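Quick look at input.cif (mmCIF, C-alpha atoms):
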```
data_my_file
#
loop_
_atom_site.label_atom_id
_atom_site.label_comp_id
_atom_site.auth_asym_id
_atom_site.auth_seq_id
_atom_site.Cartn_x
_atom_site.Cartn_y
_atom_site.Cartn_z
CA MET A 17 18.67 40.05 25.60
CA LYS A 18 21.55 37.89 26.74
CA ARG A 19 22.73 38.23 30.33
CA ILE A 20 25.76 36.74 32.08
CA VAL A 21 24.98 35.56 35.60
CA THR A 22 27.46 34.08 38.05
CA ALA A 23 26.55 32.08 41.12
CA THR A 24 28.91 31.06 43.91
CA VAL A 25 27.54 27.85 45.40
CA LEU A 26 28.40 25.11 47.85
CA ASN A 27 29.99 22.18 46.03
CA ARG A 28 27.37 19.58 46.94
CA SER A 29 25.52 16.87 45.10
CA GLY A 30 22.33 18.09 43.42
CA VAL A 31 23.07 21.84 43.47
CA LEU A 32 23.37 22.09 39.69
CA ASN A 33 20.15 20.14 39.25
CA ARG A 34 18.24 22.41 41.67
CA VAL A 35 19.56 25.60 40.05
CA THR A 36 18.83 24.50 36.48
CA GLY A 37 15.46 23.11 37.61
CA LEU A 38 14.55 26.52 38.99
CA MET A 39 15.44 28.10 35.65
CA THR A 40 13.40 25.51 33.77
CA LYS A 41 10.34 26.08 35.97
CA ARG A 42 10.58 29.83 35.37
CA GLN A 43 11.08 29.19 31.62
CA PHE A 44 14.52 30.79 31.33
CA ASN A 45 16.48 29.58 28.32
CA ILE A 46 20.09 28.75 29.25
CA ASP A 47 22.42 29.43 26.30
CA SER A 48 25.44 28.08 28.14
CA ILE A 49 26.48 26.99 31.59
CA THR A 50 29.91 26.33 33.06
CA VAL A 51 30.64 25.04 36.54
CA GLY A 52 33.92 24.45 38.31
CA ARG A 53 35.64 24.46 41.66
CA THR A 54 37.09 27.69 43.00
CA GLU A 55 40.17 28.49 45.05
CA ASN A 56 38.15 27.61 48.19
CA ASP A 57 37.49 23.98 49.08
CA GLY A 58 33.81 23.10 48.92
CA ILE A 59 32.87 26.15 46.80
CA SER A 60 32.06 26.17 43.08
CA LYS A 61 31.36 28.95 40.60
CA MET A 62 28.59 28.69 38.01
CA THR A 63 28.43 30.97 34.98
CA PHE A 64 25.16 31.10 33.04
CA VAL A 65 24.37 32.89 29.82
CA VAL A 66 20.60 33.29 29.76
CA ASN A 67 18.10 34.93 27.42
CA VAL A 68 15.63 37.27 29.10
CA ASP A 69 13.05 39.69 27.75
CA SER A 70 13.35 42.38 30.42
CA GLU A 71 15.32 43.72 33.37
CA GLN A 72 12.52 42.49 35.63
CA GLN A 73 13.12 38.90 34.50
CA ILE A 74 16.84 39.03 35.30
CA GLU A 75 16.04 40.59 38.67
CA GLN A 76 13.52 37.81 39.33
CA LEU A 77 16.10 35.19 38.37
CA THR A 78 18.79 36.56 40.68
CA LYS A 79 16.32 36.84 43.59
CA GLN A 80 15.09 33.27 43.05
CA LEU A 81 18.63 31.91 42.84
CA ASN A 82 19.62 33.75 46.02
CA LYS A 83 16.79 31.95 47.86
CA GLN A 84 18.36 28.56 47.14
CA ILE A 85 19.97 27.02 50.23
CA ASP A 86 23.29 26.08 48.60
CA VAL A 87 23.70 29.42 46.78
CA ILE A 88 26.11 31.85 48.45
CA LYS A 89 26.05 34.77 46.01
CA VAL A 90 24.45 35.61 42.65
CA SER A 91 25.51 38.46 40.37
CA ASP A 92 24.42 39.72 36.96
CA ILE A 93 27.81 40.81 35.61
CA THR A 94 26.74 41.63 32.05
CA ASP A 95 27.18 45.40 32.30
CA GLN A 96 30.34 45.34 34.42
CA ALA A 97 34.03 45.16 33.55
CA ILE A 98 34.57 41.42 33.15
CA VAL A 99 37.02 38.86 31.84
CA ALA A 100 35.11 36.25 29.82
CA ARG A 101 36.41 33.31 27.81
CA GLU A 102 35.15 30.23 26.03
CA LEU A 103 37.03 27.15 24.83
CA ALA A 104 36.24 25.25 21.64
CA LEU A 105 37.66 22.03 20.24
CA ILE A 106 37.12 21.77 16.49
CA LYS A 107 37.88 18.64 14.45
CA VAL A 108 38.18 19.57 10.77
CA LEU A 109 38.47 17.26 7.78
CA SER A 110 41.89 17.70 6.23
CA SER A 111 44.34 16.15 3.83
CA ALA A 112 48.04 16.72 3.39
CA GLN A 113 47.17 19.43 0.83
CA THR A 114 44.77 21.41 3.07
CA ARG A 115 46.75 21.23 6.34
CA SER A 116 48.89 24.28 5.57
CA GLU A 117 45.80 26.28 4.58
CA ILE A 118 44.10 25.36 7.84
CA SER A 119 47.27 26.23 9.79
CA GLY A 120 47.20 29.64 8.09
CA ILE A 121 43.66 30.18 9.39
CA VAL A 122 44.49 28.98 12.90
CA GLU A 123 47.60 31.15 13.45
CA PRO A 124 46.01 34.65 13.53
CA PHE A 125 43.46 33.39 16.08
CA ARG A 126 46.28 32.23 18.36
CA ALA A 127 44.63 28.83 18.36
CA SER A 128 46.53 25.55 18.67
CA ILE A 129 46.57 22.40 16.60
CA ILE A 130 46.37 19.69 19.24
CA ASP A 131 45.91 16.55 17.13
CA VAL A 132 46.62 15.53 13.55
CA SER A 133 45.52 12.34 11.83
CA ARG A 134 45.49 11.25 8.21
CA GLU A 135 41.98 12.59 7.57
CA SER A 136 41.48 15.29 10.23
CA ILE A 137 43.07 17.99 12.32
CA THR A 138 41.87 19.09 15.80
CA ILE A 139 42.10 22.74 16.83
CA GLN A 140 41.81 24.27 20.29
CA VAL A 141 40.79 27.92 20.50
CA THR A 142 39.98 30.16 23.45
CA GLY A 143 38.54 33.65 23.47
CA ASP A 144 35.31 35.56 23.44
CA THR A 145 32.24 34.16 21.70
CA ASP A 146 32.74 36.32 18.58
CA LYS A 147 36.28 34.97 18.11
CA ILE A 148 35.06 31.38 18.45
CA GLU A 149 32.24 32.00 15.94
CA ALA A 150 34.68 33.65 13.49
CA ILE A 151 37.14 30.74 13.40
CA ILE A 152 34.27 28.23 13.09
CA ASP A 153 32.92 30.16 10.11
CA LEU A 154 36.34 30.14 8.43
CA LEU A 155 36.86 26.41 9.05
CA ARG A 156 33.35 25.35 7.97
CA PRO A 157 34.19 25.13 4.22
CA TYR A 158 36.82 22.46 5.00
CA GLY A 159 34.18 20.33 6.75
CA ILE A 160 33.76 20.34 10.52
CA LYS A 161 33.67 16.72 11.61
CA GLU A 162 33.13 17.45 15.31
CA LEU A 163 32.72 20.53 17.50
CA SER A 164 32.63 20.92 21.28
CA ARG A 165 32.32 24.23 23.15
CA THR A 166 32.57 24.85 26.88
CA GLY A 167 30.28 27.84 27.04
CA LEU A 168 31.28 31.16 28.51
CA THR A 169 33.03 31.42 31.85
CA ALA A 170 33.54 34.86 33.36
CA PHE A 171 34.28 36.94 36.42
CA LEU A 172 34.84 40.59 37.32
CA ARG A 173 38.11 42.24 36.36
CA GLY A 174 40.51 43.18 39.15
CA SER A 175 39.97 46.63 40.59
CA GLN A 176 42.27 49.38 39.42
CA LYS A 177 43.35 52.22 41.67
CA GLN A 178 42.08 55.56 40.44
CA ILE A 179 44.55 58.44 40.36
CA THR A 180 42.53 61.46 41.46
CA ASP A 181 45.28 63.89 42.37
CA LEU A 182 47.44 64.22 39.26
CA ASN A 183 49.36 67.18 40.71
CA SER A 184 51.26 64.96 43.14
CA TYR A 185 52.56 62.97 40.13
CA SER A 186 53.50 65.93 37.97
CA LEU A 187 57.05 66.36 36.69
CA LEU A 188 56.54 70.13 36.49
CA LYS A 189 56.92 71.41 40.06
#
```
Representation of the structure as structure tokens:
Amino acid sequence: MKRIVTATVLNRSGVLNRVTGLMTKRQFNIDSITVGRTENDGISKMTFVVNVDSEQQIEQLTKQLNKQIDVIKVSDITDQAIVARELALIKVLSSAQTRSEISGIVEPFRASIIDVSRESITIQVTGDTDKIEAIIDLLRPYGIKELSRTGLTAFLRGSQKQITDLNSYSLLK
């Protein structure tokens, strides 16, 4: 089963190597990994998509990551309300005749054409993994010359206030 794990870490040299090394030693397969700075200087956020066989394995992973010196916080956010996105750049073979067809595919996905040359067109698309897979599948018959994906990046959604006393908001008083 795929799990999404986030780790807040100190932005220091070697942290990524130690974290991925720990996963390698424990034989966790990393499907994707994204790392970037946060709003706080010296702090980075890592997002991993990992394959595990059981809940015990994901629990073991989070405990092992939390033991790392440069790791501040680890969370398995798979089953929570999250915002998750991936970016893909797709270079597709194209000619003057196929460009309008490709544009017709790109538009419903709210993707962007970011480069056009005589023999290819480059598309940028963001969204969830299923959306990325869907546009790739539709573009494949034209010939994908090059493909680069960032992997998933995610965090928890903002909290929403719960309205528990509906009577105080009623129009019928």
Atom pair atom CA of Arg42 of chain A / atom CA of Gln80 of chain A: separation (Å)
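A separation of 9.5 Å between them.
Within the file as shown, the PyMOL selection byres ((chain A and resi 82) around 12) identifies A:Val21, A:Thr22, A:Ala23, A:Thr24, A:Val25, A:Val35, A:Leu38, A:Glu75, A:Gln76, A:Leu77, A:Thr78, A:Lys79, A:Gln80, A:Leu81, A:Lys83, A:Gln84, A:Ile85, A:Asp86, A:Val87, A:Ile88, A:Lys89, A:Val90, A:Ser91, A:Asp92.
For the pair atom CA of Val108 of chain A and atom CA of Asp144 of chain A, the interatomic distance is 20.6 Å.
Those residues that approach Ala150 of chain A to within 10 Å, counting only C-alpha atoms, are Phe125, Thr145 and Leu155 of chain A; same-chain residues fewer than 5 positions away are not listed.
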Which residues are near segment 118-123 of chain A? Cut-off 9 Å, all atoms listed in the file, ignore same chain within fewer than 3 positions. Put them as number ranges by chain.
A: 108, 110, 114-115, 126-129, 137, 139, 141, 151, 154-155, 158
State, in Å with one decimal place, the distance from atom CA of Glu135 of chain A to atom CA of Leu109 of chain A.
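Value for the atom CA of Glu135 of chain A-atom CA of Leu109 of chain A distance: 5.8 Å.
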With a distance cut-off of 6 Å and all atoms listed in the file, select the neighbouring residues of Arg101 of chain A, excluding the residue or stretch itself and same-chain residues fewer than 4 positions from it, and output the selection as a PDB file with C-alpha atoms, in the frame of the given file.
```pdb
ATOM      1  CA  GLY A 143      38.540  33.650  23.470  1.00  0.00           C
ATOM      2  CA  ASP A 144      35.310  35.560  23.440  1.00  0.00           C
ATOM      3  CA  LEU A 168      31.280  31.160  28.510  1.00  0.00           C
ATOM      4  CA  THR A 169      33.030  31.420  31.850  1.00  0.00           C
TER       5      THR A 169
END
```
Given the file shown, enumerate the residues that the PyMOL selection byres ((chain A and resi 174) around 9) captures and present them as a list in words.
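So the PyMOL selection byres ((chain A and resi 174) around 9) ends up selecting Ala97, Ile98, Leu172, Arg173, Ser175 and Gln176 of chain A.
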Take segment 77-100 of chain A, bring it up to N, CA, C and O atoms, and give me the output as a PDB file, in the frame of the given file.
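Result file follows (out06.pdb):
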```pdb
ATOM      1  N   LEU A  77      15.205  36.336  38.375  1.00  0.00           N
ATOM      2  CA  LEU A  77      16.100  35.190  38.370  1.00  0.00           C
ATOM      3  C   LEU A  77      17.129  35.288  39.496  1.00  0.00           C
ATOM      4  O   LEU A  77      17.339  34.326  40.229  1.00  0.00           O
ATOM      5  N   THR A  78      17.766  36.435  39.641  1.00  0.00           N
ATOM      6  CA  THR A  78      18.790  36.560  40.680  1.00  0.00           C
ATOM      7  C   THR A  78      18.174  36.428  42.078  1.00  0.00           C
ATOM      8  O   THR A  78      18.772  35.803  42.952  1.00  0.00           O
ATOM      9  N   LYS A  79      16.986  36.974  42.282  1.00  0.00           N
ATOM     10  CA  LYS A  79      16.320  36.840  43.590  1.00  0.00           C
ATOM     11  C   LYS A  79      15.970  35.383  43.877  1.00  0.00           C
ATOM     12  O   LYS A  79      16.161  34.893  44.993  1.00  0.00           O
ATOM     13  N   GLN A  80      15.447  34.674  42.871  1.00  0.00           N
ATOM     14  CA  GLN A  80      15.090  33.270  43.050  1.00  0.00           C
ATOM     15  C   GLN A  80      16.324  32.405  43.317  1.00  0.00           C
ATOM     16  O   GLN A  80      16.287  31.511  44.158  1.00  0.00           O
ATOM     17  N   LEU A  81      17.404  32.682  42.615  1.00  0.00           N
ATOM     18  CA  LEU A  81      18.630  31.910  42.840  1.00  0.00           C
ATOM     19  C   LEU A  81      19.186  32.172  44.237  1.00  0.00           C
ATOM     20  O   LEU A  81      19.664  31.249  44.899  1.00  0.00           O
ATOM     21  N   ASN A  82      19.121  33.418  44.690  1.00  0.00           N
ATOM     22  CA  ASN A  82      19.620  33.750  46.020  1.00  0.00           C
ATOM     23  C   ASN A  82      18.839  33.056  47.130  1.00  0.00           C
ATOM     24  O   ASN A  82      19.349  32.880  48.228  1.00  0.00           O
ATOM     25  N   LYS A  83      17.602  32.653  46.865  1.00  0.00           N
ATOM     26  CA  LYS A  83      16.790  31.950  47.860  1.00  0.00           C
ATOM     27  C   LYS A  83      17.193  30.495  48.030  1.00  0.00           C
ATOM     28  O   LYS A  83      16.811  29.851  49.006  1.00  0.00           O
ATOM     29  N   GLN A  84      17.938  29.956  47.068  1.00  0.00           N
ATOM     30  CA  GLN A  84      18.360  28.560  47.140  1.00  0.00           C
ATOM     31  C   GLN A  84      19.334  28.366  48.304  1.00  0.00           C
ATOM     32  O   GLN A  84      20.227  29.193  48.524  1.00  0.00           O
ATOM     33  N   ILE A  85      19.184  27.276  49.023  1.00  0.00           N
ATOM     34  CA  ILE A  85      19.970  27.020  50.230  1.00  0.00           C
ATOM     35  C   ILE A  85      21.469  26.962  49.948  1.00  0.00           C
ATOM     36  O   ILE A  85      22.263  27.535  50.686  1.00  0.00           O
ATOM     37  N   ASP A  86      21.874  26.290  48.882  1.00  0.00           N
ATOM     38  CA  ASP A  86      23.290  26.080  48.600  1.00  0.00           C
ATOM     39  C   ASP A  86      23.939  27.239  47.838  1.00  0.00           C
ATOM     40  O   ASP A  86      25.122  27.178  47.539  1.00  0.00           O
ATOM     41  N   VAL A  87      23.166  28.280  47.536  1.00  0.00           N
ATOM     42  CA  VAL A  87      23.700  29.420  46.780  1.00  0.00           C
ATOM     43  C   VAL A  87      24.221  30.463  47.765  1.00  0.00           C
ATOM     44  O   VAL A  87      23.512  30.900  48.665  1.00  0.00           O
ATOM     45  N   ILE A  88      25.474  30.862  47.576  1.00  0.00           N
ATOM     46  CA  ILE A  88      26.110  31.850  48.450  1.00  0.00           C
ATOM     47  C   ILE A  88      25.923  33.261  47.920  1.00  0.00           C
ATOM     48  O   ILE A  88      25.583  34.172  48.656  1.00  0.00           O
ATOM     49  N   LYS A  89      26.143  33.436  46.606  1.00  0.00           N
ATOM     50  CA  LYS A  89      26.050  34.770  46.010  1.00  0.00           C
ATOM     51  C   LYS A  89      25.698  34.650  44.535  1.00  0.00           C
ATOM     52  O   LYS A  89      26.221  33.782  43.838  1.00  0.00           O
ATOM     53  N   VAL A  90      24.842  35.557  44.063  1.00  0.00           N
ATOM     54  CA  VAL A  90      24.450  35.610  42.650  1.00  0.00           C
ATOM     55  C   VAL A  90      24.686  37.025  42.151  1.00  0.00           C
ATOM     56  O   VAL A  90      24.350  37.992  42.830  1.00  0.00           O
ATOM     57  N   SER A  91      25.257  37.143  40.955  1.00  0.00           N
ATOM     58  CA  SER A  91      25.510  38.460  40.370  1.00  0.00           C
ATOM     59  C   SER A  91      25.216  38.433  38.877  1.00  0.00           C
ATOM     60  O   SER A  91      25.607  37.499  38.176  1.00  0.00           O
ATOM     61  N   ASP A  92      24.555  39.481  38.395  1.00  0.00           N
ATOM     62  CA  ASP A  92      24.420  39.720  36.960  1.00  0.00           C
ATOM     63  C   ASP A  92      25.590  40.609  36.590  1.00  0.00           C
ATOM     64  O   ASP A  92      25.626  41.777  36.963  1.00  0.00           O
ATOM     65  N   ILE A  93      26.571  40.066  35.889  1.00  0.00           N
ATOM     66  CA  ILE A  93      27.810  40.810  35.610  1.00  0.00           C
ATOM     67  C   ILE A  93      27.876  41.341  34.186  1.00  0.00           C
ATOM     68  O   ILE A  93      28.907  41.852  33.762  1.00  0.00           O
ATOM     69  N   THR A  94      26.771  41.264  33.468  1.00  0.00           N
ATOM     70  CA  THR A  94      26.740  41.630  32.050  1.00  0.00           C
ATOM     71  C   THR A  94      27.283  43.029  31.788  1.00  0.00           C
ATOM     72  O   THR A  94      28.078  43.235  30.876  1.00  0.00           O
ATOM     73  N   ASP A  95      26.843  44.000  32.565  1.00  0.00           N
ATOM     74  CA  ASP A  95      27.180  45.400  32.300  1.00  0.00           C
ATOM     75  C   ASP A  95      28.395  45.885  33.073  1.00  0.00           C
ATOM     76  O   ASP A  95      28.635  47.090  33.155  1.00  0.00           O
ATOM     77  N   GLN A  96      29.166  44.966  33.641  1.00  0.00           N
ATOM     78  CA  GLN A  96      30.340  45.340  34.420  1.00  0.00           C
ATOM     79  C   GLN A  96      31.607  45.007  33.652  1.00  0.00           C
ATOM     80  O   GLN A  96      31.564  44.329  32.630  1.00  0.00           O
ATOM     81  N   ALA A  97      32.736  45.475  34.157  1.00  0.00           N
ATOM     82  CA  ALA A  97      34.030  45.160  33.550  1.00  0.00           C
ATOM     83  C   ALA A  97      34.372  43.715  33.906  1.00  0.00           C
ATOM     84  O   ALA A  97      34.600  43.401  35.069  1.00  0.00           O
ATOM     85  N   ILE A  98      34.364  42.841  32.897  1.00  0.00           N
ATOM     86  CA  ILE A  98      34.570  41.420  33.150  1.00  0.00           C
ATOM     87  C   ILE A  98      35.656  40.836  32.253  1.00  0.00           C
ATOM     88  O   ILE A  98      36.013  41.427  31.225  1.00  0.00           O
ATOM     89  N   VAL A  99      36.162  39.700  32.669  1.00  0.00           N
ATOM     90  CA  VAL A  99      37.020  38.860  31.840  1.00  0.00           C
ATOM     91  C   VAL A  99      36.171  37.647  31.514  1.00  0.00           C
ATOM     92  O   VAL A  99      35.656  36.985  32.418  1.00  0.00           O
ATOM     93  N   ALA A 100      35.967  37.366  30.233  1.00  0.00           N
ATOM     94  CA  ALA A 100      35.110  36.250  29.820  1.00  0.00           C
ATOM     95  C   ALA A 100      35.797  35.476  28.701  1.00  0.00           C
ATOM     96  O   ALA A 100      36.327  36.069  27.761  1.00  0.00           O
TER      97      ALA A 100
END
```
